[in-house]
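Trainee: What follows is coords.txt; its format and atoms are compact mmCIF, C-alpha atoms.
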# COMPACT_ATOMS: atom_id res chain seq x y z
CA MET A 1 0.00 0.00 0.00
CA THR A 2 1.29 3.46 -0.93
CA THR A 3 1.55 5.87 2.01
CA CYS A 4 0.95 9.63 1.90
CA ARG A 5 3.22 11.33 4.41
CA SER A 6 2.26 14.21 6.69
CA ALA A 7 4.05 17.57 6.62
CA ARG A 8 6.00 16.55 9.74
CA GLU A 9 7.05 13.28 8.13
CA ILE A 10 8.14 15.10 4.97
CA ASP A 11 10.28 17.32 7.19
CA CYS A 12 11.99 14.20 8.54
CA LEU A 13 12.53 12.84 5.05
CA ARG A 14 13.90 16.21 3.96
CA ILE A 15 16.54 16.01 6.70
CA ALA A 16 17.54 12.50 5.61
CA GLY A 17 17.65 13.68 2.01
CA ARG A 18 19.96 16.56 2.84
CA VAL A 19 22.36 14.32 4.77
CA THR A 20 22.46 12.05 1.73
CA ALA A 21 22.96 14.90 -0.74
CA ARG A 22 25.71 16.59 1.27
CA ALA A 23 27.57 13.31 1.56
CA LEU A 24 27.34 12.65 -2.16
CA GLU A 25 28.34 16.20 -3.03
CA ALA A 26 31.58 15.79 -1.06
CA LEU A 27 32.12 12.20 -2.17
CA VAL A 28 32.14 13.05 -5.87
CA LYS A 29 35.26 15.17 -5.33
CA SER A 30 37.14 12.06 -4.16
CA VAL A 31 36.54 10.21 -7.44
CA VAL A 32 39.93 10.41 -9.20
CA PRO A 33 42.12 7.97 -11.11
CA GLY A 34 43.92 5.72 -8.65
CA ALA A 35 41.25 5.84 -5.94
CA THR A 36 39.71 2.50 -5.00
CA THR A 37 35.99 1.96 -4.64
CA GLY A 38 36.67 0.76 -1.10
CA GLU A 39 38.35 4.05 -0.18
CA ILE A 40 35.42 6.00 -1.58
CA ASP A 41 33.03 3.79 0.37
CA ALA A 42 34.88 4.40 3.66
CA TYR A 43 34.74 8.15 3.05
CA ALA A 44 31.00 7.91 2.37
CA GLU A 45 30.40 6.25 5.72
CA GLU A 46 32.43 8.94 7.45
CA LEU A 47 30.51 11.74 5.71
CA ILE A 48 27.14 10.29 6.63
CA ARG A 49 28.00 9.57 10.26
CA LYS A 50 29.52 13.04 10.78
CA GLN A 51 26.08 14.46 9.99
CA GLY A 52 24.32 12.24 12.52
CA GLY A 53 23.08 9.68 10.00
CA GLU A 54 23.68 6.01 9.36
CA PRO A 55 24.59 4.49 6.00
CA ALA A 56 21.31 3.08 4.70
CA PHE A 57 22.91 0.35 2.61
CA LEU A 58 25.44 -1.00 5.10
CA GLY A 59 24.19 -4.44 6.17
CA TYR A 60 21.02 -4.14 4.06
CA HIS A 61 20.15 -7.79 3.29
CA GLY A 62 23.83 -8.48 4.00
CA PHE A 63 25.32 -5.82 1.69
CA SER A 64 28.86 -4.99 2.82
CA GLY A 65 29.21 -1.38 1.66
CA SER A 66 27.91 2.05 2.61
CA ILE A 67 27.48 2.84 -1.08
CA CYS A 68 26.93 0.86 -4.23
CA ALA A 69 29.96 1.50 -6.45
CA SER A 70 29.33 0.28 -9.98
CA VAL A 71 31.91 0.77 -12.74
CA ASN A 72 31.40 0.89 -16.52
CA ASP A 73 29.16 -2.05 -17.52
CA GLU A 74 28.07 -2.52 -13.91
CA VAL A 75 24.60 -1.01 -13.68
CA VAL A 76 23.91 -1.01 -9.93
CA HIS A 77 24.72 -2.76 -6.64
CA GLY A 78 28.46 -2.93 -7.22
CA ILE A 79 30.27 -3.95 -4.03
CA PRO A 80 33.04 -1.51 -2.99
CA GLY A 81 36.48 -3.05 -2.65
CA ARG A 82 40.00 -3.04 -4.03
CA ARG A 83 39.12 -2.03 -7.58
CA LYS A 84 41.25 0.94 -8.59
CA LEU A 85 39.61 3.52 -10.85
CA ILE A 86 41.34 4.52 -14.06
CA ALA A 87 40.84 7.48 -16.39
CA GLY A 88 37.88 6.88 -18.70
CA ASP A 89 35.83 4.90 -16.19
CA LEU A 90 32.22 5.70 -15.36
CA LEU A 91 31.51 5.26 -11.64
CA LYS A 92 27.91 5.00 -10.50
CA ILE A 93 27.52 5.96 -6.84
CA ASP A 94 24.24 4.98 -5.20
CA ILE A 95 24.04 6.30 -1.64
CA GLY A 96 21.47 6.41 1.13
CA ALA A 97 21.27 7.74 4.67
CA ARG A 98 18.96 6.89 7.54
CA VAL A 99 18.29 9.68 10.05
CA ASP A 100 16.00 9.01 13.03
CA GLY A 101 14.42 6.12 11.15
CA TRP A 102 13.77 8.01 7.89
CA TYR A 103 15.56 7.44 4.59
CA GLY A 104 17.13 9.46 1.80
CA ASP A 105 18.25 7.76 -1.42
CA MET A 106 20.08 9.17 -4.44
CA ALA A 107 22.60 8.30 -7.12
CA CYS A 108 24.79 9.85 -9.78
CA THR A 109 27.28 8.83 -12.42
CA VAL A 110 30.77 10.32 -12.17
CA ALA A 111 33.32 10.56 -14.95
CA VAL A 112 36.79 9.43 -13.85
CA GLY A 113 39.11 11.81 -15.66
CA GLU A 114 38.44 12.20 -19.38
CA ILE A 115 35.74 9.93 -20.81
CA SER A 116 34.74 9.07 -24.36
CA PRO A 117 32.19 11.16 -26.30
CA GLN A 118 29.72 8.27 -26.19
CA ALA A 119 30.11 7.94 -22.44
CA ARG A 120 29.58 11.68 -22.03
CA ARG A 121 26.42 11.56 -24.13
CA LEU A 122 25.15 8.58 -22.12
CA VAL A 123 25.68 10.44 -18.84
CA GLU A 124 24.02 13.63 -20.09
CA THR A 125 21.07 11.70 -21.50
CA THR A 126 20.53 9.87 -18.22
CA LYS A 127 20.60 13.16 -16.28
CA GLU A 128 18.11 14.64 -18.72
CA SER A 129 15.82 11.63 -18.43
CA LEU A 130 15.76 11.94 -14.62
CA LEU A 131 14.75 15.58 -14.85
CA ALA A 132 12.12 14.75 -17.47
CA GLY A 133 10.63 12.11 -15.18
CA ILE A 134 10.57 14.47 -12.22
CA ALA A 135 8.97 17.22 -14.34
CA VAL A 136 5.75 15.25 -14.85
CA VAL A 137 5.23 14.54 -11.13
CA ARG A 138 2.11 16.28 -9.79
CA PRO A 139 -1.16 15.29 -8.13
CA GLY A 140 -3.38 13.43 -10.57
CA ALA A 141 -0.51 12.15 -12.71
CA HIS A 142 0.17 8.43 -12.88
CA VAL A 143 3.32 6.60 -11.91
CA SER A 144 3.59 5.39 -15.51
CA ASP A 145 3.83 9.00 -16.70
CA ILE A 146 7.26 9.15 -15.05
CA GLY A 147 8.55 6.11 -16.88
CA HIS A 148 7.08 7.28 -20.18
CA ALA A 149 8.92 10.60 -19.88
CA VAL A 150 12.20 8.87 -18.99
CA GLN A 151 11.92 6.35 -21.79
CA GLY A 152 11.20 9.02 -24.39
CA VAL A 153 14.37 10.97 -23.59
CA VAL A 154 16.52 7.85 -23.51
CA GLU A 155 15.31 6.19 -26.69
CA ARG A 156 15.45 9.39 -28.73
CA GLN A 157 19.22 9.27 -28.13
CA GLY A 158 19.49 5.63 -29.18
CA PHE A 159 20.02 4.26 -25.67
CA SER A 160 17.88 1.81 -23.69
CA VAL A 161 16.19 1.81 -20.29
CA VAL A 162 16.89 -1.07 -17.91
CA ARG A 163 13.59 -2.86 -17.24
CA ALA A 164 14.52 -5.40 -14.59
CA LEU A 165 15.14 -2.67 -11.99
CA VAL A 166 12.86 0.21 -11.04
CA GLY A 167 12.43 3.15 -8.68
CA HIS A 168 10.36 2.86 -5.52
CA GLY A 169 8.68 4.58 -2.62
CA VAL A 170 10.82 5.87 0.27
CA GLY A 171 9.94 6.48 3.91
CA ARG A 172 10.43 4.44 7.05
CA GLN A 173 11.83 1.73 4.77
CA LEU A 174 14.42 2.16 2.07
CA HIS A 175 12.18 0.46 -0.47
CA GLU A 176 8.42 0.96 -0.23
CA GLU A 177 5.42 0.92 -2.56
CA PRO A 178 4.87 1.84 -5.32
CA PRO A 179 7.37 0.55 -7.88
CA VAL A 180 8.39 3.32 -10.30
CA PRO A 181 9.40 1.83 -13.69
CA ASN A 182 11.48 3.89 -16.11
CA TYR A 183 9.46 2.85 -19.14
CA GLY A 184 5.86 2.31 -20.17
CA LYS A 185 2.71 3.93 -21.52
CA PRO A 186 1.31 7.06 -19.82
CA GLY A 187 -1.90 7.08 -17.81
CA ASN A 188 -1.47 3.73 -16.05
CA GLY A 189 -0.86 2.58 -12.50
CA VAL A 190 -0.96 4.42 -9.20
CA VAL A 191 -2.35 7.97 -9.25
CA LEU A 192 0.01 10.40 -7.53
CA LYS A 193 -1.24 12.28 -4.46
CA PRO A 194 0.33 14.94 -2.21
CA GLY A 195 2.53 13.33 0.44
CA MET A 196 3.73 10.42 -1.67
CA VAL A 197 7.53 10.08 -1.61
CA LEU A 198 9.28 8.38 -4.52
CA ALA A 199 12.78 7.53 -5.65
CA VAL A 200 13.00 8.17 -9.39
CA GLU A 201 16.11 6.48 -10.77
CA PRO A 202 16.74 5.95 -14.47
CA MET A 203 19.30 3.26 -15.30
CA VAL A 204 20.34 3.59 -18.92
CA ASN A 205 22.45 1.31 -21.11
CA ALA A 206 24.45 2.22 -24.21
CA GLY A 207 23.33 -1.10 -25.74
CA SER A 208 20.35 -3.33 -25.06
CA TRP A 209 18.26 -3.07 -21.91
CA GLN A 210 19.01 -6.63 -20.79
CA VAL A 211 21.03 -7.19 -17.63
CA ARG A 212 22.30 -10.08 -15.54
CA THR A 213 23.58 -10.51 -11.98
CA ASN A 214 27.18 -11.50 -11.31
CA PRO A 215 28.02 -14.57 -9.19
CA ASP A 216 28.50 -12.32 -6.13
CA GLY A 217 24.71 -12.13 -5.99
CA TRP A 218 24.67 -8.33 -6.01
CA THR A 219 26.38 -6.66 -8.96
CA VAL A 220 24.01 -6.16 -11.89
CA VAL A 221 25.81 -5.78 -15.24
CA THR A 222 24.71 -5.12 -18.80
CA ALA A 223 24.20 -8.33 -20.77
CA GLN A 224 26.22 -6.99 -23.71
CA GLY A 225 29.10 -5.57 -21.68
CA CYS A 226 28.17 -2.02 -22.72
CA LEU A 227 28.40 1.12 -20.58
CA SER A 228 25.58 2.06 -18.21
CA ALA A 229 24.65 5.24 -16.32
CA HIS A 230 22.42 5.88 -13.30
CA PHE A 231 20.94 8.96 -11.61
CA GLU A 232 18.41 9.14 -8.76
CA HIS A 233 16.56 11.60 -6.55
CA THR A 234 14.07 11.16 -3.73
CA ILE A 235 11.09 13.44 -4.36
CA ALA A 236 7.87 14.31 -2.54
CA VAL A 237 4.61 14.96 -4.37
CA THR A 238 3.24 18.36 -3.31
CA ALA A 239 -0.06 20.16 -3.89
CA LEU A 240 1.42 22.00 -6.88
CA GLY A 241 3.95 19.49 -8.23
CA CYS A 242 6.89 18.01 -6.39
CA GLU A 243 9.90 18.81 -4.23
CA ILE A 244 13.31 17.18 -4.60
CA LEU A 245 14.29 16.08 -1.09
CA THR A 246 17.83 14.96 -1.87
CA VAL A 247 19.35 18.44 -2.10
CA SER A 248 22.07 19.86 0.12
CA SER A 249 20.34 23.13 1.10
CA ASP A 250 17.38 25.42 0.41
CA ALA A 251 19.51 27.25 -2.15
CA THR A 252 19.69 24.15 -4.34
CA LEU A 253 15.97 23.41 -4.41
CA ALA A 254 15.58 25.20 -7.73
CA GLN A 255 18.44 23.31 -9.34
CA SER A 256 18.74 19.56 -9.09
CA PRO A 257 22.17 18.20 -8.08
CA ALA A 258 21.72 15.89 -11.05
CA VAL A 259 22.68 18.90 -13.15
CA ALA A 260 25.66 19.86 -11.04
CA LEU A 261 27.21 16.43 -10.52
Kindly transcribe the structure held in the file into structure tokens.

Mentor:
Amino acid sequence: MTTCRSAREIDCLRIAGRVTARALEALVKSVVPGATTGEIDAYAEELIRKQGGEPAFLGYHGFSGSICASVNDEVVHGIPGRRKLIAGDLLKIDIGARVDGWYGDMACTVAVGEISPQARRLVETTKESLLAGIAVVRPGAHVSDIGHAVQGVVERQGFSVVRALVGHGVGRQLHEEPPVPNYGKPGNGVVLKPGMVLAVEPMVNAGSWQVRTNPDGWTVVTAQGCLSAHFEHTIAVTALGCEILTVSSDATLAQSPAVAL
């Protein structure tokens, strides 16, 4: 069942979102050639805990990292470790914080040094698709309208939307109802109402949309070995539209960090 949150509960989710956003904002600066995904993960935990939060992913169903660190053809759920980043890599950082029992969840794709023109176009398209999905969120819209907007941006650029993984509700749990696919026809599914809180998170492949899971049981990779990009925000449906909760301050409300990162 989809829950509509009260103004007080949205305030709590806003705090968790800001802890998450501030951590990611600082973390991106540590992504350089030679850094390991494990070092970046340790820094993420430090950044979250310094703000009074807890890493949302650490220990989640046994996951061993504070972030998901997915490189190149790894779509999501990459386990941080000894892998050393090199120039030209695409690093997807998925990060979440829990503050007083409430969750924030966001993700971005970071270029490691200079990247190829195709990789750059993939990253920019995925950012654009996230913003397109968020732009249609308002009371009376349907969840499928989000996916339709995302899919349109992605496929016009010749890329594909991952279908096996979707966005979700956020609240007292990291993953709540409803599922938020990044594809589909408009006008279907759950009708959006003020107080709903959703994680919108396009995952976009340079090749086909098919994916598979590595033997580690976590890391999802593209079936063709092609590059993938990922961006995510937690948003709240408001009376007039929506508010992005995963921003670092009031000053950034008008501009999504998806643009800046």

Trainee: For the atom pair atom CA of Val136 of chain A and atom CA of Gly241 of chain A, what is the interatomic distance in Å to one decimal place?

Mentor: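 Between atom CA of Val136 of chain A and atom CA of Gly241 of chain A the gap works out to 8.1 Å.
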
Trainee: Would you list the residues near (-6.0, -0.3, -8.7), meaning any protein, DNA or RNA residue with an atom at most 12 Å from that point in file coordinates, counting all atoms listed in the file, as a PyMOL selection string?

Mentor: chain A and resi 1-2+142+178+188-191

Trainee: From the set A:Val161, A:Ala97, A:Leu131, A:Leu227, which residue has the shortest atom-to-atom contact distance to Asn72 of chain A, counting only C-alpha atoms?

Mentor: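 Among the listed residues, the smallest separation from Asn72 of chain A belongs to A:Leu227.
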
Trainee: For a test of reading the model, state the distance in Å between atom CA of Val75 of chain A and atom CA of Asp216 of chain A, rounded to one decimal.

Mentor: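 Result for atom CA of Val75 of chain A versus atom CA of Asp216 of chain A: 14.1 Å, one decimal.
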
Trainee: Pick out the residues sitting within 7 Å of His77 of chain A, and hand them over as a VMD selection string; count only C-alpha atoms, and ignore anything fewer than 6 positions along from it in its own chain.

Mentor: chain A and resid 68 to 70 218 to 220
